[in-house]
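Raw upload_39.txt, compact mmCIF, C-alpha atoms:
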# COMPACT_ATOMS: atom_id res chain seq x y z
CA MET A 757 14.80 8.35 50.23
CA ARG A 758 14.80 12.15 50.16
CA ALA A 759 18.51 12.16 49.25
CA TRP A 760 17.87 9.80 46.34
CA PHE A 761 14.98 11.94 45.12
CA ASN A 762 17.15 15.07 45.34
CA ALA A 763 19.88 13.29 43.40
CA LEU A 764 17.40 12.30 40.73
CA SER A 765 16.04 15.85 40.49
CA GLU A 766 19.57 17.19 40.27
CA SER A 767 20.42 14.72 37.49
CA VAL A 768 17.39 15.85 35.51
CA ALA A 769 18.42 19.47 36.00
CA PHE A 770 21.99 18.70 34.85
CA ALA A 771 20.70 16.86 31.79
CA LEU A 772 18.43 19.73 30.77
CA HIS A 773 21.23 22.22 31.44
CA ALA A 774 23.59 20.20 29.21
CA LEU A 775 21.00 20.28 26.42
CA LEU A 776 20.50 24.05 26.72
CA VAL A 777 24.16 25.01 27.09
CA ASN A 778 25.49 22.71 24.34
CA LYS A 779 22.63 22.93 21.88
CA LEU A 780 24.53 21.83 18.77
CA ARG A 781 26.24 18.91 20.49
CA ALA A 782 22.97 17.82 22.07
CA PHE A 783 21.11 18.14 18.78
CA LEU A 784 23.65 16.04 16.89
CA SER A 785 23.80 13.42 19.61
CA LEU A 786 20.07 13.17 20.25
CA SER A 787 19.24 13.16 16.53
CA GLY A 788 20.82 9.70 16.35
CA ILE A 789 18.51 8.16 18.94
CA SER A 790 15.55 10.10 17.50
CA ILE A 791 16.18 8.69 14.03
CA GLY A 792 16.68 5.21 15.48
CA ILE A 793 13.41 5.22 17.42
CA PHE A 794 11.66 6.84 14.47
CA SER A 795 12.91 4.13 12.09
CA ILE A 796 12.07 1.11 14.20
CA ILE A 797 8.64 2.38 15.34
CA LEU A 798 7.70 3.50 11.82
CA VAL A 799 8.55 0.03 10.50
CA TYR A 800 6.51 -1.67 13.25
CA THR A 801 3.58 0.72 12.73
CA VAL A 802 3.46 0.31 8.95
CA VAL A 803 3.88 -3.47 9.14
CA ASP A 804 1.20 -3.82 11.86
CA SER A 805 -1.20 -1.57 9.94
CA LEU A 806 -0.56 -3.36 6.65
CA GLU A 807 -1.06 -6.75 8.31
CA SER A 808 -4.30 -5.59 9.97
CA ASN A 809 -5.68 -4.23 6.68
CA ILE A 810 -4.74 -7.35 4.71
CA ARG A 811 -6.14 -9.70 7.36
CA SER A 812 -9.37 -7.68 7.39
CA SER A 813 -9.55 -8.02 3.60
CA VAL A 814 -8.86 -11.75 3.79
CA GLU A 815 -11.51 -12.25 6.47
CA SER A 816 -14.06 -10.70 4.11
CA LEU A 817 -13.73 -13.95 2.13
CA GLY A 818 -15.47 -15.69 5.04
CA ASN A 819 -13.96 -17.49 8.02
CA ASP A 820 -16.44 -20.33 7.62
CA VAL A 821 -16.55 -20.56 3.81
CA VAL A 822 -14.92 -23.31 1.72
CA TYR A 823 -14.16 -22.58 -1.93
CA ILE A 824 -14.15 -25.67 -4.17
CA GLN A 825 -11.89 -24.81 -7.10
CA LYS A 826 -9.54 -26.30 -9.66
CA TRP A 827 -6.53 -24.39 -8.31
CA SER A 828 -5.21 -24.38 -4.76
CA TRP A 829 -4.42 -21.16 -2.92
CA GLY A 830 -1.16 -22.70 -1.80
CA GLY A 831 0.01 -23.66 1.65
CA GLY A 832 3.78 -23.79 1.60
CA GLY A 833 6.42 -25.72 -0.31
CA GLU A 834 6.61 -26.16 -4.05
CA TYR A 835 3.43 -25.33 -5.95
CA PRO A 836 2.62 -28.30 -8.29
CA TRP A 837 0.89 -26.25 -10.98
CA TRP A 838 1.40 -28.98 -13.58
CA GLN A 839 -0.91 -31.26 -11.57
CA TYR A 840 -3.60 -28.60 -11.21
CA MET A 841 -3.51 -27.95 -14.96
CA LYS A 842 -4.93 -31.43 -15.58
CA ARG A 843 -7.97 -30.87 -13.37
CA ARG A 844 -11.37 -29.84 -14.67
CA GLU A 845 -13.24 -26.84 -13.38
CA PRO A 846 -16.14 -27.39 -10.95
CA SER A 847 -19.27 -27.51 -13.08
CA LEU A 848 -22.82 -26.36 -12.52
CA GLN A 849 -23.84 -30.02 -12.44
CA ASP A 850 -21.27 -30.64 -9.65
CA PHE A 851 -22.92 -27.81 -7.74
CA LYS A 852 -26.43 -29.21 -8.20
CA ASP A 853 -25.31 -32.67 -7.10
CA LEU A 854 -23.61 -31.20 -4.04
CA GLN A 855 -26.77 -29.29 -3.12
CA LYS A 856 -28.73 -32.56 -3.09
CA ARG A 857 -26.14 -34.63 -1.22
CA PHE A 858 -24.81 -32.14 1.33
CA PRO A 859 -27.63 -30.55 3.33
CA LYS A 860 -25.32 -29.58 6.22
CA ALA A 861 -24.24 -26.37 4.49
CA GLU A 862 -25.84 -23.15 5.68
CA ALA A 863 -25.51 -21.64 2.19
CA MET A 864 -24.07 -22.70 -1.15
CA ALA A 865 -23.48 -20.82 -4.41
CA TYR A 866 -21.86 -21.51 -7.76
CA GLY A 867 -19.90 -18.74 -9.47
CA MET A 868 -17.85 -17.96 -12.57
CA SER A 869 -16.37 -14.81 -14.05
CA MET A 870 -15.25 -13.21 -17.28
CA SER A 871 -14.23 -9.81 -18.60
CA SER A 872 -16.46 -7.57 -20.69
CA VAL A 873 -16.99 -4.00 -21.88
CA ALA A 874 -19.77 -2.07 -20.11
CA LYS A 875 -21.61 0.58 -22.15
CA TYR A 876 -24.31 3.16 -21.59
CA GLY A 877 -24.94 5.72 -24.28
CA SER A 878 -21.60 7.27 -25.22
CA ASN A 879 -19.93 6.10 -21.99
CA SER A 880 -18.03 2.82 -21.83
CA ILE A 881 -15.66 1.02 -19.44
CA GLU A 882 -13.15 -1.57 -20.67
CA GLY A 883 -12.18 -4.75 -18.83
CA VAL A 884 -15.07 -4.90 -16.41
CA GLY A 885 -15.28 -8.05 -14.28
CA VAL A 886 -18.64 -9.79 -14.72
CA PHE A 887 -19.38 -12.43 -12.07
CA GLY A 888 -22.23 -14.90 -12.49
CA SER A 889 -23.59 -16.57 -9.37
CA THR A 890 -26.52 -18.63 -8.18
CA HIS A 891 -29.11 -17.26 -5.80
CA GLN A 892 -27.42 -17.72 -2.40
CA TYR A 893 -24.47 -15.48 -3.29
CA ASP A 894 -25.84 -12.87 -0.85
CA ARG A 895 -25.53 -15.41 1.98
CA ILE A 896 -21.89 -16.12 1.14
CA TRP A 897 -20.59 -12.57 0.65
CA GLU A 898 -21.67 -9.71 2.89
CA PHE A 899 -22.61 -6.55 1.00
CA GLU A 900 -24.99 -3.60 1.10
CA LEU A 901 -26.90 -2.03 -1.79
CA ALA A 902 -26.88 1.75 -2.26
CA GLU A 903 -29.72 1.45 -4.79
CA GLY A 904 -32.27 -1.13 -5.80
CA ARG A 905 -32.53 -4.74 -4.70
CA TYR A 906 -31.03 -8.21 -4.95
CA PHE A 907 -32.16 -10.89 -7.44
CA THR A 908 -35.37 -12.78 -6.75
CA GLU A 909 -35.09 -16.57 -6.74
CA LEU A 910 -37.09 -16.65 -9.99
CA GLU A 911 -34.58 -14.29 -11.65
CA SER A 912 -31.66 -16.38 -10.43
CA ASN A 913 -33.17 -19.56 -11.88
CA SER A 914 -34.70 -18.32 -15.13
CA GLY A 915 -31.80 -16.15 -16.28
CA PRO A 916 -33.24 -12.78 -17.35
CA ASN A 917 -30.84 -9.99 -18.37
CA VAL A 918 -30.64 -8.21 -15.02
CA ALA A 919 -27.53 -7.02 -13.18
CA ILE A 920 -26.24 -5.44 -9.98
CA ILE A 921 -23.33 -3.09 -10.64
CA GLY A 922 -20.49 -1.65 -8.52
CA SER A 923 -20.43 2.00 -7.46
CA ASP A 924 -17.41 2.88 -9.64
CA ILE A 925 -19.15 1.43 -12.71
CA ALA A 926 -22.33 3.33 -11.85
CA GLN A 927 -20.34 6.55 -11.55
CA GLY A 928 -18.46 5.96 -14.79
CA LEU A 929 -21.56 5.12 -16.84
CA PHE A 930 -24.18 7.38 -15.26
CA GLN A 931 -22.06 10.27 -13.93
CA GLY A 932 -23.74 10.45 -10.54
CA LYS A 933 -27.31 9.88 -11.75
CA SER A 934 -29.47 7.00 -10.58
CA ALA A 935 -28.62 3.70 -12.28
CA GLU A 936 -31.64 1.68 -11.19
CA GLY A 937 -33.86 0.68 -14.07
CA LYS A 938 -31.38 1.78 -16.76
CA LYS A 939 -30.12 -0.63 -19.39
CA ILE A 940 -26.40 -1.17 -19.96
CA GLY A 941 -24.57 -3.20 -22.57
CA ILE A 942 -22.47 -6.17 -21.36
CA LEU A 943 -21.71 -9.59 -22.82
CA GLY A 944 -23.10 -8.36 -26.14
CA ARG A 945 -26.61 -7.87 -24.70
CA LYS A 946 -28.68 -5.22 -22.91
CA PHE A 947 -29.02 -5.72 -19.14
CA ARG A 948 -31.41 -3.88 -16.84
CA VAL A 949 -29.72 -2.56 -13.68
CA ILE A 950 -31.74 -3.61 -10.62
CA GLY A 951 -29.22 -2.58 -7.96
CA VAL A 952 -25.95 -0.78 -7.17
CA PHE A 953 -23.46 -2.03 -4.58
CA GLU A 954 -22.60 0.40 -1.79
CA LYS A 955 -19.10 1.83 -2.24
CA LYS A 956 -16.60 -0.25 -0.33
CA GLY A 957 -13.16 0.36 -1.83
CA LYS A 958 -10.58 -2.06 -3.11
CA SER A 959 -9.28 -4.54 -0.56
CA LEU A 960 -5.56 -5.27 -0.18
CA VAL A 961 -6.08 -8.80 -1.51
CA GLY A 962 -7.37 -7.48 -4.83
CA GLU A 963 -11.12 -7.96 -4.33
CA ASN A 964 -13.01 -4.89 -5.57
CA GLN A 965 -16.77 -4.92 -5.37
CA ASP A 966 -16.91 -1.34 -6.69
CA GLU A 967 -15.79 -2.53 -10.14
CA LEU A 968 -17.91 -5.69 -10.27
CA ILE A 969 -21.06 -6.53 -12.22
CA LEU A 970 -23.09 -9.38 -10.74
CA VAL A 971 -25.49 -11.37 -12.93
CA PRO A 972 -27.30 -14.72 -12.48
CA THR A 973 -25.25 -17.79 -13.41
CA SER A 974 -28.05 -19.00 -15.69
CA THR A 975 -27.83 -15.74 -17.65
CA MET A 976 -24.07 -15.92 -18.07
CA LEU A 977 -24.16 -19.54 -19.25
CA LYS A 978 -26.64 -18.59 -21.98
CA LEU A 979 -24.52 -15.72 -23.31
CA ALA A 980 -20.87 -16.69 -22.74
CA SER A 981 -18.96 -19.55 -24.30
CA PRO A 982 -17.31 -21.92 -21.74
CA GLU A 983 -13.76 -21.14 -22.93
CA LYS A 984 -14.21 -17.47 -21.99
CA LEU A 985 -15.25 -18.29 -18.43
CA ASN A 986 -12.69 -18.55 -15.64
CA GLY A 987 -12.48 -18.86 -11.89
CA ASN A 988 -15.33 -21.37 -11.65
CA MET A 989 -15.99 -22.19 -8.01
CA ILE A 990 -18.49 -23.64 -5.59
CA MET A 991 -18.77 -21.57 -2.40
CA VAL A 992 -20.00 -23.43 0.68
CA ARG A 993 -20.69 -21.80 4.07
CA ALA A 994 -20.45 -24.14 7.05
CA GLY A 995 -23.58 -24.92 9.03
CA ALA A 996 -23.91 -24.89 12.81
CA GLY A 997 -23.47 -27.92 15.05
CA MET A 998 -20.06 -29.19 13.89
CA SER A 999 -16.47 -28.04 13.82
CA PHE A 1000 -15.10 -26.48 10.68
CA ASP A 1001 -12.58 -29.31 10.24
CA GLU A 1002 -15.35 -31.91 10.45
CA PHE A 1003 -17.42 -29.90 8.01
CA LYS A 1004 -14.55 -29.70 5.54
CA SER A 1005 -13.79 -33.41 5.89
CA GLU A 1006 -17.39 -34.41 5.16
CA LEU A 1007 -17.54 -31.97 2.26
CA ARG A 1008 -14.42 -33.53 0.74
CA GLY A 1009 -15.89 -37.00 1.04
CA VAL A 1010 -19.18 -36.02 -0.60
CA PHE A 1011 -17.47 -34.19 -3.45
CA ARG A 1012 -15.14 -37.14 -4.09
CA THR A 1013 -18.25 -39.28 -4.42
CA ILE A 1014 -19.73 -36.81 -6.89
CA ARG A 1015 -16.50 -36.93 -8.89
CA ARG A 1016 -16.52 -40.77 -8.65
CA LEU A 1017 -12.96 -40.90 -7.32
CA LYS A 1018 -11.62 -44.23 -6.07
CA PRO A 1019 -10.25 -44.38 -2.50
CA LYS A 1020 -6.57 -44.39 -3.51
CA VAL A 1021 -6.92 -41.66 -6.15
CA ASP A 1022 -5.90 -38.11 -5.17
CA ASP A 1023 -8.45 -35.29 -5.13
CA ASP A 1024 -8.98 -33.64 -8.51
CA PHE A 1025 -10.19 -30.44 -6.82
CA SER A 1026 -9.03 -28.06 -4.08
CA LEU A 1027 -10.84 -27.04 -0.92
CA ASN A 1028 -9.63 -23.50 -0.25
CA GLU A 1029 -10.20 -21.49 2.90
CA ILE A 1030 -8.82 -18.29 4.36
CA SER A 1031 -6.59 -20.17 6.83
CA LEU A 1032 -4.35 -21.06 3.86
CA VAL A 1033 -3.88 -17.36 3.18
CA ALA A 1034 -3.56 -16.55 6.89
CA ASN A 1035 -0.72 -19.07 7.32
CA GLY A 1036 1.13 -17.46 4.45
CA LEU A 1037 0.60 -14.02 6.00
CA ASP A 1038 2.09 -15.22 9.31
CA GLN A 1039 5.29 -16.24 7.55
CA LEU A 1040 5.40 -13.14 5.36
CA PHE A 1041 4.95 -10.61 8.15
CA GLY A 1042 7.29 -12.54 10.41
CA VAL A 1043 10.08 -12.03 7.85
CA ILE A 1044 9.14 -8.38 7.25
CA GLY A 1045 9.01 -7.68 10.99
CA ALA A 1046 12.40 -9.32 11.57
CA ALA A 1047 13.99 -7.36 8.72
CA GLY A 1048 12.50 -4.12 10.04
CA THR A 1049 13.81 -4.87 13.53
CA VAL A 1050 17.35 -5.41 12.26
CA ILE A 1051 17.29 -2.17 10.24
CA GLY A 1052 15.85 -0.23 13.17
CA LEU A 1053 18.34 -1.68 15.67
CA PHE A 1054 21.27 -0.46 13.57
CA SER A 1055 19.79 3.05 13.72
CA VAL A 1056 19.25 2.73 17.47
CA LEU A 1057 22.86 1.55 17.88
CA VAL A 1058 24.11 4.74 16.23
CA GLY A 1059 21.88 6.76 18.57
CA GLY A 1060 23.30 4.88 21.55
CA PHE A 1061 26.82 5.99 20.63
CA GLY A 1062 25.56 9.60 20.59
CA ILE A 1063 24.12 9.28 24.11
CA ALA A 1064 27.34 7.67 25.35
CA ASN A 1065 29.33 10.55 23.86
CA ILE A 1066 27.24 13.11 25.75
CA MET A 1067 27.68 11.17 28.98
CA PHE A 1068 31.47 10.88 28.69
CA VAL A 1069 31.68 14.65 28.14
CA SER A 1070 29.29 15.24 31.08
CA VAL A 1071 31.49 13.14 33.40
CA LYS A 1072 34.59 15.07 32.34
CA GLU A 1073 32.93 18.45 32.82
CA ARG A 1074 31.63 17.52 36.28
CA THR A 1075 34.71 15.72 37.65
CA ASN A 1076 35.33 18.38 40.29
CA GLN A 1077 31.71 18.28 41.44
CA ILE A 1078 31.82 14.47 41.67
CA GLY A 1079 34.92 14.73 43.87
CA ILE A 1080 33.21 17.21 46.20
CA GLN A 1081 30.12 15.01 46.47
CA LYS A 1082 32.19 11.95 47.34
CA ALA A 1083 34.26 13.95 49.84
CA LEU A 1084 31.01 14.94 51.56
CA GLY A 1085 30.01 11.27 51.85
CA ALA A 1086 28.16 10.46 48.63
CA ARG A 1087 28.34 6.76 47.90
CA ASN A 1088 29.29 5.20 44.56
CA ALA A 1089 25.71 4.03 43.99
CA PHE A 1090 24.50 7.62 44.47
CA ILE A 1091 26.85 8.93 41.76
CA LEU A 1092 26.05 5.97 39.49
CA MET A 1093 22.32 6.67 39.75
CA GLN A 1094 22.79 10.35 38.89
CA PHE A 1095 24.50 9.66 35.59
CA LEU A 1096 22.29 6.73 34.65
CA ALA A 1097 19.23 8.91 35.23
CA GLU A 1098 20.74 11.62 33.04
CA ALA A 1099 21.49 9.12 30.25
CA VAL A 1100 17.97 7.69 30.39
CA LEU A 1101 16.43 11.17 30.32
CA LEU A 1102 18.49 12.21 27.29
CA SER A 1103 17.62 9.00 25.47
CA LEU A 1104 13.95 9.34 26.42
CA ILE A 1105 13.81 12.87 25.04
CA GLY A 1106 15.29 11.65 21.77
CA GLY A 1107 12.83 8.73 21.69
CA LEU A 1108 9.82 10.98 22.30
CA VAL A 1109 10.96 13.22 19.45
CA GLY A 1110 11.17 10.15 17.21
CA LEU A 1111 7.67 9.03 18.24
CA GLY A 1112 6.36 12.53 17.60
CA VAL A 1113 7.80 12.50 14.08
CA VAL A 1114 6.14 9.12 13.40
CA LEU A 1115 2.77 10.50 14.51
CA GLY A 1116 3.32 13.55 12.33
CA ILE A 1117 4.01 11.65 9.12
CA ILE A 1118 1.29 8.99 9.49
CA PRO A 1119 -1.09 10.95 7.16
CA LEU A 1120 1.68 11.08 4.55
CA VAL A 1121 2.26 7.33 4.83
CA GLU A 1122 -1.49 6.71 4.43
CA ASP A 1123 -1.54 8.76 1.23
CA LEU A 1124 1.60 7.08 -0.08
CA PHE A 1125 0.59 3.45 0.58
CA GLY A 1126 -3.19 3.83 0.26
CA PHE A 1127 -4.28 2.11 3.49
CA GLU A 1128 -5.15 3.16 7.03
CA VAL A 1129 -2.13 3.46 9.36
CA PHE A 1130 -2.58 3.54 13.13
CA MET A 1131 -0.17 3.90 16.03
CA SER A 1132 -0.96 1.25 18.61
CA PHE A 1133 -0.28 1.63 22.33
CA GLN A 1134 2.00 -1.41 22.05
CA ASN A 1135 4.23 0.40 19.56
CA VAL A 1136 4.27 3.57 21.69
CA TRP A 1137 5.29 1.50 24.71
CA ARG A 1138 7.85 -0.36 22.58
CA GLY A 1139 9.43 2.94 21.51
CA ILE A 1140 9.61 4.26 25.07
CA SER A 1141 11.06 0.96 26.33
CA ILE A 1142 13.74 0.92 23.62
CA ALA A 1143 14.66 4.53 24.42
CA VAL A 1144 14.99 3.75 28.15
CA GLY A 1145 16.98 0.60 27.36
CA VAL A 1146 19.37 2.50 25.09
CA GLY A 1147 19.83 5.13 27.80
CA LEU A 1148 20.67 2.52 30.41
CA VAL A 1149 23.14 0.68 28.14
CA SER A 1150 24.77 3.86 26.80
CA GLY A 1151 25.09 5.46 30.23
CA THR A 1152 26.39 2.44 32.16
CA ILE A 1153 30.10 2.77 31.37
CA PRO A 1154 30.27 6.59 31.86
CA ALA A 1155 28.28 6.24 35.09
CA LEU A 1156 30.60 3.50 36.37
CA LEU A 1157 33.66 5.64 35.59
CA ALA A 1158 32.10 8.57 37.45
CA SER A 1159 31.18 6.46 40.49
CA ARG A 1160 34.69 5.01 40.79
CA LEU A 1161 36.58 8.32 40.68
CA ASP A 1162 38.89 8.96 43.62
CA PRO A 1163 37.52 12.04 45.41
CA VAL A 1164 40.95 13.65 45.95
CA GLU A 1165 42.06 13.12 42.37
CA ALA A 1166 38.68 14.29 41.09
CA ILE A 1167 38.82 17.56 43.07
CA ARG A 1168 42.45 18.12 42.11
CA SER A 1169 41.78 17.55 38.38
CA GLY A 1170 38.95 20.06 38.49
CA ILE A 1171 41.07 22.87 39.93
Mind converting the file's structure to structure tokens?
Amino acid sequence: MRAWFNALSESVAFALHALLVNKLRAFLSLSGISIGIFSIILVYTVVDSLESNIRSSVESLGNDVVYIQKWSWGGGGEYPWWQYMKRREPSLQDFKDLQKRFPKAEAMAYGMSMSSVAKYGSNSIEGVGVFGSTHQYDRIWEFELAEGRYFTELESNSGPNVAIIGSDIAQGLFQGKSAEGKKIGILGRKFRVIGVFEKKGKSLVGENQDELILVPTSTMLKLASPEKLNGNMIMVRAGAGMSFDEFKSELRGVFRTIRRLKPKVDDDFSLNEISLVANGLDQLFGVIGAAGTVIGLFSVLVGGFGIANIMFVSVKERTNQIGIQKALGARNAFILMQFLAEAVLLSLIGGLVGLGVVLGIIPLVEDLFGFEVFMSFQNVWRGISIAVGVGLVSGTIPALLASRLDPVEAIRSGI
């Protein structure tokens, strides 16, 4: 065991000596494996971080919420948009009927949206999204208020001109001053601001509470013509005591009854949930991950040739020493292990450099892509494993050649 440990220590010393003595050669050779590890780990890190951020944004829609809408969120295959065009939007009356007939929901809200200009004094913001919702909106979407309060049930039902605005809108209209109690112009009327959403930032699925104005549905229906409204939906949060699939099945049956659909007639509405988006994400990131792996492996392959080049030169330079070792009784396996250890060490050094570069540029990637990037332990371990694997593969042939040298010929060639 001591002899094997000494051989390993000696191999490490030879590898470090080769790096120090032949700096340019080592730099050019190791840069290949460094770039390869850098490329493949950077791709995995960015893809994993992007997937995590998007899934987090999608989950904000609610794992247990069903959205009854005219349009489907998809789910694979050809999208039959021409069929959805014929459907009618869920109406407020549909919502009221569903409230009466489906008590198993924990919460239920009806919503619609339109675009408007927001004004306060000389300040104005174009293209603001105004969303009208019934009272239980706060039980469907999770949010915090930086100022003020949520609607009372009386306000939600009677339709006064009150609004809760996003933090970006508050900043744009009031320039950092308190917005609560002020009156802003939207939908051609004056609205009193009763609350301001806490700043949250734009999600990667496009939802941005910071640029939203929330008003009661009853208010919006009084001020906006139906043709200007879009995105009508009924949001239903599942209650306890039954599986989500059972809940969705019962909901479909009740809503078909409300729509008076005959048994053999297809649904004229869609029940959307985040699993539809999640399934699409699985396929999308599977393709992206595979493409990144292929690109990274080509870079790693180039690095492997660099390691192999160093090892062939190392065998040639140490032919005489190999002959002396074998003449003194060193076995083939002993010589093989020396050169494999050296190849793995060289590759590992290059891999660690690549990992270090990835860690160094993560802040730049965050600024460039606009989302949080994190290096997981799995990706660190993946990079180290790839580096060790490349070292073993690249060093195998040179190590075999070294271990099979004839001791007499090896000593003679080194003289």
Note to self: Would you compute the distance between atom CA of A:Arg1160 and atom CA of A:Ile1091? Give it in Å to one decimal.
What the structure shows: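 Separating atom CA of A:Arg1160 from atom CA of A:Ile1091 is a distance of 8.8 Å.
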Notebook entry, point to check: Which residue gives the smallest distance to A:Ala1086 among A:Gly951, A:Gly1062, A:Pro1163, A:Gly997, with all atoms listed in the file counted?
Noted result: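 Between A:Gly951, A:Gly1062, A:Pro1163, A:Gly997, the residue approaching A:Ala1086 most closely is A:Pro1163.
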Margin query: Counting all atoms listed in the file, find residues at most 10 Å from (-13.3, -11.0, -15.3) (file frame) and give them as number ranges by chain.
Written below: A: 868-872, 883-887, 968-969, 984-987
Selection above as a file: C-alpha atoms, as a PDB file, in the coordinates of the input:
ATOM      1  CA  MET A 868     -17.850 -17.960 -12.570  1.00  0.00           C
ATOM      2  CA  SER A 869     -16.370 -14.810 -14.050  1.00  0.00           C
ATOM      3  CA  MET A 870     -15.250 -13.210 -17.280  1.00  0.00           C
ATOM      4  CA  SER A 871     -14.230  -9.810 -18.600  1.00  0.00           C
ATOM      5  CA  SER A 872     -16.460  -7.570 -20.690  1.00  0.00           C
ATOM      6  CA  GLY A 883     -12.180  -4.750 -18.830  1.00  0.00           C
ATOM      7  CA  VAL A 884     -15.070  -4.900 -16.410  1.00  0.00           C
ATOM      8  CA  GLY A 885     -15.280  -8.050 -14.280  1.00  0.00           C
ATOM      9  CA  VAL A 886     -18.640  -9.790 -14.720  1.00  0.00           C
ATOM     10  CA  PHE A 887     -19.380 -12.430 -12.070  1.00  0.00           C
ATOM     11  CA  LEU A 968     -17.910  -5.690 -10.270  1.00  0.00           C
ATOM     12  CA  ILE A 969     -21.060  -6.530 -12.220  1.00  0.00           C
ATOM     13  CA  LYS A 984     -14.210 -17.470 -21.990  1.00  0.00           C
ATOM     14  CA  LEU A 985     -15.250 -18.290 -18.430  1.00  0.00           C
ATOM     15  CA  ASN A 986     -12.690 -18.550 -15.640  1.00  0.00           C
ATOM     16  CA  GLY A 987     -12.480 -18.860 -11.890  1.00  0.00           C
TER      17      GLY A 987
END
Margin query: Between A:Gly937, A:Gly922, A:Gly788, A:Pro836, which residue has the minimum interatomic distance to A:Gly1106, considering only C-alpha atoms?
Written below: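 Counting only C-alpha atoms, the residue closest to A:Gly1106 is A:Gly788.
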Check: By how many Å are atom CA of A:Met864 and atom CA of A:Ala935 apart?
Finding: 29.0 Å
Note to self: Quick one: residues within 6 Å of A:Ala874, all atoms listed in the file, excluding same-chain residues fewer than 3 positions away - as a PyMOL selection string?
What the structure shows: chain A and resi 880-881+941-942
Item checked: Option closest in space to A:Glu903, from A:Leu1084, A:Glu1165, A:Ser923, A:Ala1158 [counting all atoms listed in the file] -> A:Ser923
Notebook entry, point to check: Which is closer to A:Lys842 than all the others in A:Asp1024, A:Ala926, A:Thr1013, A:Ser1132, using all atoms listed in the file?
Noted result: A:Asp1024
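Rounded to one decimal, atom CA of A:Leu1057 and atom CA of A:Val1113 lie 19.0 Å from each other.
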Item checked: Polymer residues at most 6 Å from stretch 793-804 of chain A, all atoms listed in the file, same-chain spacing of 5 or more positions, as a list in words ->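 Here the answer would be Gly1048, Gly1052, Gly1107, Gly1110, Leu1111 and Met1131 of chain A.
Minimum atom-to-atom distance to A:Glu845, evaluated using only C-alpha atoms, belongs to A:Ile990 out of A:Ile1153, A:Ala980, A:Ala919, A:Ile990.
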Checklist line | Nearest to A:Ile1066, chosen from A:Ile1044, A:Val1100, A:Met989, A:Ala994, with all atoms listed in the file counted in the distances | finding: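 Of A:Ile1044, A:Val1100, A:Met989, A:Ala994, the one nearest A:Ile1066 is A:Val1100, counting all atoms listed in the file.
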Margin query: I'd like the neighbourhood of A:Leu786 as a VMD selection string, where a residue qualifies if any of its atoms comes within 10 Å (using all atoms listed in the file), though same-chain residues fewer than 4 positions away should be ignored.
Written below: chain A and resid 775 780 to 782 790 to 792 1059 to 1063 1066 1102 to 1107 1109 to 1110
Restricting it to C-alpha atoms, dump the selection as a PDB file, in the coordinates of the input.
ATOM      1  CA  LEU A 775      21.000  20.280  26.420  1.00  0.00           C
ATOM      2  CA  LEU A 780      24.530  21.830  18.770  1.00  0.00           C
ATOM      3  CA  ARG A 781      26.240  18.910  20.490  1.00  0.00           C
ATOM      4  CA  ALA A 782      22.970  17.820  22.070  1.00  0.00           C
ATOM      5  CA  SER A 790      15.550  10.100  17.500  1.00  0.00           C
ATOM      6  CA  ILE A 791      16.180   8.690  14.030  1.00  0.00           C
ATOM      7  CA  GLY A 792      16.680   5.210  15.480  1.00  0.00           C
ATOM      8  CA  GLY A1059      21.880   6.760  18.570  1.00  0.00           C
ATOM      9  CA  GLY A1060      23.300   4.880  21.550  1.00  0.00           C
ATOM     10  CA  PHE A1061      26.820   5.990  20.630  1.00  0.00           C
ATOM     11  CA  GLY A1062      25.560   9.600  20.590  1.00  0.00           C
ATOM     12  CA  ILE A1063      24.120   9.280  24.110  1.00  0.00           C
ATOM     13  CA  ILE A1066      27.240  13.110  25.750  1.00  0.00           C
ATOM     14  CA  LEU A1102      18.490  12.210  27.290  1.00  0.00           C
ATOM     15  CA  SER A1103      17.620   9.000  25.470  1.00  0.00           C
ATOM     16  CA  LEU A1104      13.950   9.340  26.420  1.00  0.00           C
ATOM     17  CA  ILE A1105      13.810  12.870  25.040  1.00  0.00           C
ATOM     18  CA  GLY A1106      15.290  11.650  21.770  1.00  0.00           C
ATOM     19  CA  GLY A1107      12.830   8.730  21.690  1.00  0.00           C
ATOM     20  CA  VAL A1109      10.960  13.220  19.450  1.00  0.00           C
ATOM     21  CA  GLY A1110      11.170  10.150  17.210  1.00  0.00           C
TER      22      GLY A1110
END
Which residues are close to A:Tyr876, i.e. within 12 Å by all atoms listed in the file, leaving aside same-chain residues fewer than 4 positions away? Reply as a compact mmCIF listing (two decimals) with C-alpha atoms, in the frame of the given file.
# COMPACT_ATOMS: atom_id res chain seq x y z
CA SER A 880 -18.03 2.82 -21.83
CA ILE A 881 -15.66 1.02 -19.44
CA ILE A 925 -19.15 1.43 -12.71
CA ALA A 926 -22.33 3.33 -11.85
CA GLN A 927 -20.34 6.55 -11.55
CA GLY A 928 -18.46 5.96 -14.79
CA LEU A 929 -21.56 5.12 -16.84
CA PHE A 930 -24.18 7.38 -15.26
CA GLN A 931 -22.06 10.27 -13.93
CA ALA A 935 -28.62 3.70 -12.28
CA LYS A 938 -31.38 1.78 -16.76
CA LYS A 939 -30.12 -0.63 -19.39
CA ILE A 940 -26.40 -1.17 -19.96
CA GLY A 941 -24.57 -3.20 -22.57
CA ILE A 942 -22.47 -6.17 -21.36
CA ARG A 945 -26.61 -7.87 -24.70
CA LYS A 946 -28.68 -5.22 -22.91
CA PHE A 947 -29.02 -5.72 -19.14
CA ARG A 948 -31.41 -3.88 -16.84
CA VAL A 949 -29.72 -2.56 -13.68
